[in-house]
>>> print(open('data_32.txt').read())   # compact mmCIF, C-alpha atoms
# COMPACT_ATOMS: atom_id res chain seq x y z
CA MET A 1 112.20 104.20 98.31
CA PRO A 2 108.56 105.10 97.63
CA PRO A 3 106.95 108.23 99.02
CA LYS A 4 106.41 107.69 102.72
CA LYS A 5 103.47 110.00 103.08
CA LYS A 6 100.84 111.83 101.13
CA PRO A 7 102.44 114.10 98.54
CA ARG A 8 101.53 117.73 99.00
CA VAL A 9 100.11 119.89 96.27
CA SER A 10 103.07 121.86 95.02
CA LYS A 11 102.88 125.53 95.95
CA ALA A 12 106.16 126.49 94.34
CA SER A 13 106.22 128.41 91.09
CA ALA A 14 106.80 126.48 87.89
CA ASN A 15 110.49 127.37 87.82
CA SER A 16 111.26 127.41 91.53
CA GLY A 17 114.15 125.06 92.31
CA LYS A 18 113.68 123.35 88.98
CA ILE A 19 116.45 121.13 87.70
CA VAL A 20 117.09 121.91 84.08
CA ASP A 21 118.41 118.95 82.14
CA ALA A 22 116.38 119.06 78.93
CA GLU A 23 119.02 121.19 77.26
CA LYS A 24 122.76 121.32 77.66
CA THR A 25 124.81 124.46 77.29
CA SER A 26 127.54 124.19 74.71
CA ALA A 27 131.08 125.44 75.17
CA ALA A 28 130.23 128.40 72.97
CA GLY A 29 127.45 129.44 75.33
CA GLY A 30 124.55 128.38 73.11
CA LYS A 31 122.04 125.64 73.76
CA ARG A 32 121.16 122.53 71.89
CA LYS A 33 117.93 120.60 72.08
CA ALA A 34 117.89 117.20 73.72
CA ALA A 35 117.98 114.35 71.22
CA ALA A 36 114.67 112.73 70.29
CA PRO A 37 114.00 109.29 71.83
CA ASP A 38 114.48 106.20 69.73
CA ALA A 39 111.10 105.00 68.42
CA LYS A 40 111.73 101.41 69.52
CA THR A 41 113.51 101.72 72.86
CA GLY A 42 112.22 105.06 74.10
CA LYS A 43 115.79 105.95 75.06
CA VAL A 44 117.79 108.99 74.11
CA SER A 45 121.41 108.22 73.39
CA GLU A 46 123.62 110.82 75.03
CA SER A 47 127.28 110.75 74.07
CA ALA A 48 128.38 111.85 77.55
CA GLY A 49 125.58 110.51 79.75
CA SER A 50 123.12 107.77 80.57
CA PRO A 51 120.17 106.84 78.35
CA VAL A 52 117.06 108.94 78.86
CA PHE A 53 113.70 107.18 79.06
CA THR A 54 110.23 108.53 78.32
CA ARG A 55 107.80 106.25 80.21
CA TRP A 56 107.75 105.25 83.85
CA LEU A 57 106.46 103.11 86.70
CA MET A 58 106.23 104.74 90.13
CA LYS A 59 105.53 102.87 93.36
CA SER A 60 103.63 103.98 96.44
CA GLU A 61 101.91 102.30 99.39
CA PRO A 62 98.10 102.22 99.37
CA GLU A 63 97.74 100.69 102.85
CA SER A 64 98.37 102.32 106.22
CA ARG A 65 101.84 101.92 107.67
CA PHE A 66 103.19 104.16 110.41
CA GLU A 67 106.75 105.45 110.47
CA ASN A 68 107.78 107.71 113.36
CA GLY A 69 104.11 108.14 114.14
CA VAL A 70 103.20 109.22 110.59
CA ASP A 71 100.94 107.19 108.32
CA VAL A 72 102.85 106.83 105.07
CA LYS A 73 99.85 105.55 103.10
CA PHE A 74 99.39 107.06 99.63
CA GLY A 75 97.46 105.16 97.00
CA ILE A 76 95.96 106.21 93.70
CA GLU A 77 92.69 107.14 95.42
CA ASP A 78 94.64 109.60 97.57
CA LEU A 79 96.06 111.21 94.43
CA LYS A 80 92.56 111.45 92.95
CA ALA A 81 91.35 113.20 96.12
CA LEU A 82 93.92 116.02 95.92
CA PRO A 83 93.01 119.42 94.39
CA ASP A 84 93.21 119.11 90.60
CA GLN A 85 94.09 115.46 91.25
CA THR A 86 97.71 116.65 91.34
CA GLY A 87 100.47 116.24 93.90
CA CYS A 88 104.24 116.23 94.30
CA TRP A 89 106.01 112.88 94.38
CA ASP A 90 108.20 113.54 97.40
CA GLY A 91 110.24 111.30 99.67
CA VAL A 92 112.37 109.43 97.12
CA ARG A 93 115.68 108.67 98.82
CA ASN A 94 117.46 106.47 96.33
CA TYR A 95 119.96 108.07 93.97
CA GLN A 96 119.06 106.03 90.90
CA ALA A 97 115.33 106.61 91.42
CA ARG A 98 116.03 110.32 91.93
CA ASN A 99 118.05 110.45 88.73
CA PHE A 100 115.21 108.85 86.80
CA MET A 101 112.85 111.54 88.12
CA ARG A 102 115.30 114.18 86.94
CA GLN A 103 114.92 112.77 83.42
CA MET A 104 111.13 113.12 83.43
CA LYS A 105 109.49 115.62 81.11
CA VAL A 106 106.08 117.29 81.24
CA GLY A 107 103.47 115.20 79.44
CA GLN A 108 105.16 111.83 79.94
CA GLN A 109 103.09 109.02 81.42
CA ALA A 110 103.73 106.80 84.42
CA PHE A 111 101.96 103.78 85.84
CA PHE A 112 100.85 104.20 89.46
CA TYR A 113 102.00 100.98 91.12
CA HIS A 114 100.66 99.87 94.50
CA SER A 115 103.48 98.34 96.52
CA ASN A 116 104.04 96.81 99.96
CA CYS A 117 100.41 95.73 100.18
CA LYS A 118 98.22 92.62 100.04
CA GLU A 119 97.77 92.88 96.28
CA PRO A 120 100.66 94.74 94.63
CA GLY A 121 100.27 95.81 91.03
CA ILE A 122 99.36 98.57 88.59
CA ALA A 123 96.27 100.57 89.55
CA GLY A 124 96.26 103.43 87.06
CA ILE A 125 98.07 105.99 84.96
CA MET A 126 99.31 109.47 85.82
CA THR A 127 100.96 112.27 83.88
CA ILE A 128 104.08 114.25 84.73
CA VAL A 129 102.98 117.88 85.01
CA LYS A 130 106.09 119.48 86.51
CA GLU A 131 109.70 118.49 85.97
CA ALA A 132 112.18 117.80 88.75
CA TYR A 133 112.68 120.42 91.45
CA VAL A 134 113.90 120.45 95.05
CA ASP A 135 112.08 118.10 97.43
CA HIS A 136 111.25 120.26 100.45
CA THR A 137 110.75 117.28 102.79
CA GLN A 138 114.52 116.73 103.02
CA PHE A 139 114.81 119.92 105.10
CA ASP A 140 111.84 119.30 107.43
CA LYS A 141 113.01 117.80 110.74
CA LYS A 142 109.49 116.61 111.48
CA ASP A 143 109.19 114.79 108.18
CA VAL A 144 109.97 111.08 107.90
CA HIS A 145 112.12 111.91 104.87
CA TYR A 146 114.31 114.46 106.64
CA ASP A 147 117.96 114.30 105.56
CA ALA A 148 120.32 116.14 107.90
CA SER A 149 123.14 115.93 105.37
CA SER A 150 121.20 117.85 102.71
CA THR A 151 121.15 121.65 102.75
CA PRO A 152 119.17 124.31 100.83
CA ASP A 153 122.46 125.47 99.31
CA ASN A 154 123.28 121.97 98.13
CA PRO A 155 120.02 119.96 97.99
CA ARG A 156 120.36 116.24 97.47
CA TRP A 157 116.82 115.14 96.62
CA SER A 158 114.31 116.04 93.93
CA MET A 159 110.64 115.45 93.18
CA VAL A 160 108.20 115.89 90.32
CA ASP A 161 104.51 116.78 90.20
CA VAL A 162 102.08 114.17 88.89
CA ARG A 163 98.41 114.30 87.93
CA PHE A 164 95.93 111.44 87.97
CA GLN A 165 95.01 110.49 84.41
CA ARG A 166 92.82 107.42 84.78
CA MET A 167 92.38 104.06 86.47
CA MET A 168 93.33 100.93 84.61
CA LYS A 169 90.30 99.16 83.14
CA ARG A 170 91.28 96.38 85.51
CA PHE A 171 93.95 96.14 88.18
CA VAL A 172 97.04 94.39 86.76
CA PRO A 173 98.61 92.41 89.62
CA LEU A 174 102.28 91.73 90.19
CA TRP A 175 101.86 87.97 89.88
CA GLU A 176 100.46 88.37 86.36
CA LEU A 177 103.27 90.67 85.31
CA LYS A 178 105.77 88.16 86.69
CA GLU A 179 104.24 85.35 84.64
CA HIS A 180 104.64 87.40 81.46
CA HIS A 181 108.18 88.36 82.46
CA LEU A 182 109.17 84.71 82.90
CA GLN A 183 107.55 83.70 79.62
CA HIS A 184 109.27 86.53 77.78
CA ARG A 185 112.65 85.69 79.30
CA ALA A 186 112.30 82.13 78.04
CA ASN A 187 110.77 82.81 74.63
CA GLY A 188 111.41 86.48 73.93
CA GLY A 189 109.01 89.33 74.46
CA PRO A 190 108.75 92.93 75.63
CA LEU A 191 108.90 92.21 79.38
CA LYS A 192 112.04 90.05 79.33
CA ASP A 193 114.17 92.85 80.83
CA VAL A 194 111.48 94.97 82.49
CA ALA A 195 112.83 96.91 85.49
CA LEU A 196 110.03 95.71 87.77
CA PHE A 197 111.93 92.42 88.02
CA THR A 198 115.47 93.36 87.02
CA ARG A 199 115.62 96.47 89.28
CA ALA A 200 112.87 95.43 91.67
CA ARG A 201 113.93 97.56 94.64
CA LEU A 202 113.66 100.87 92.77
CA SER A 203 110.52 102.91 93.56
CA VAL A 204 110.85 104.85 90.28
CA GLN A 205 111.54 102.72 87.23
CA PRO A 206 111.96 103.39 83.51
CA LEU A 207 109.91 101.63 80.85
CA THR A 208 110.47 101.38 77.12
CA PRO A 209 107.47 102.17 74.87
CA GLU A 210 107.26 98.45 74.05
CA GLU A 211 107.11 97.53 77.74
CA PHE A 212 104.60 100.28 78.53
CA ASP A 213 102.31 99.39 75.62
CA PHE A 214 102.36 95.69 76.42
CA ILE A 215 101.47 96.29 80.07
CA LEU A 216 98.72 98.69 79.03
CA SER A 217 97.29 96.09 76.64
CA LEU A 218 96.77 93.69 79.54
CA GLU A 219 93.85 95.76 80.85
CA ASP A 220 91.81 94.60 77.84
CA LYS A 221 92.70 90.93 78.30
CA GLU A 222 91.71 88.24 80.75
CA PRO A 223 94.37 87.41 83.37
CA LEU A 224 96.62 84.43 82.64
>>> encode(input="data_32.txt", output="structure tokens")
Amino acid sequence: MPPKKKPRVSKASANSGKIVDAEKTSAAGGKRKAAAPDAKTGKVSESAGSPVFTRWLMKSEPESRFENGVDVKFGIEDLKALPDQTGCWDGVRNYQARNFMRQMKVGQQAFFYHSNCKEPGIAGIMTIVKEAYVDHTQFDKKDVHYDASSTPDNPRWSMVDVRFQRMMKRFVPLWELKEHHLQHRANGGPLKDVALFTRARLSVQPLTPEEFDFILSLEDKEPL
């Protein structure tokens, strides 16, 4: 589920509520570094866990839509308008999407995808600037993302901070991405298994480097 309202600029300290998953503590009490991602897939193979990705696509709604009297609109222009062009990506209420955010590392890139609008597609690129920490909106009864079953002692939902990096040279629409996806499924290609169509309902989706680079290359090409 995409953020339902404008992300706030994070006021928490860099370590406040932060979920630490970059390192795992060994039985002997020491730490080991997380494995480096595979150069081709962008995944980190964990013997006791799920693959870890390094590039992302994150969806939000650029057009006004009211939920419980609150306008949930938040497009890339709204991110650009925030102080330091930085905000927290709150309001994610899907466990798989949340888990993907918990994998994110500072410096990784994500496409800003406009969803639930007249022209869905990729508008720009942002950078992860703070790793996963507790999403405060789950405790706010006035917030559209309030979750009565989540408590400060046992928080259920997380968020990350993102910073606007740049607009795409041209908007890459969903219909164009779908055409490439269908072609690649039939003939082979980087978008044959892209999550935008294989896990379409997720508001936070992983991308392999091959998928990310191919999508990025479309900004320099004429649409199909």
>>> atom_distance(input="data_32.txt", atom1="atom CA of Val92 of chain A", atom2="atom CA of Val144 of chain A")
11.2 Å
>>> atom_distance(input="data_32.txt", atom1="atom CA of Val134 of chain A", atom2="atom CA of Asn116 of chain A")
26.1 Å
>>> atom_distance(input="data_32.txt", atom1="atom CA of Ser158 of chain A", atom2="atom CA of Arg102 of chain A")
7.3 Å
>>> closest_residue(input="data_32.txt", among="A:Leu79, A:Leu224, A:Leu174, A:Met167", to="Lys118 of chain A", atoms="only C-alpha atoms")
A:Leu174
>>> closest_residue(input="data_32.txt", among="A:Pro120, A:Gly107, A:Gly188, A:Gly91", to="Tyr146 of chain A", atoms="all atoms listed in the file")
A:Gly91
>>> closest_residue(input="data_32.txt", among="A:Ala148, A:Met168, A:Ala97, A:Ala186", to="Val204 of chain A", atoms="only C-alpha atoms")
A:Ala97
>>> closest_residue(input="data_32.txt", among="A:Ile122, A:Leu182, A:Val70, A:Ala195", to="Leu218 of chain A", atoms="only C-alpha atoms")
A:Ile122
>>> closest_residue(input="data_32.txt", among="A:Asp147, A:Asp213, A:Glu219, A:Asp90", to="Lys169 of chain A", atoms="all atoms listed in the file")
A:Glu219
>>> closest_residue(input="data_32.txt", among="A:Glu61, A:Glu222, A:Asp135, A:Asp71", to="Ala123 of chain A", atoms="all atoms listed in the file")
A:Glu61
>>> residues_around(input="data_32.txt", residues="Lys59 of chain A", least_positions_apart="6", cutoff="12 Å", atoms="all atoms listed in the file", output="MDAnalysis selection string")
chainID A and resid 1:4 73:76 89:92 97 110:117 120:126 196 200:206
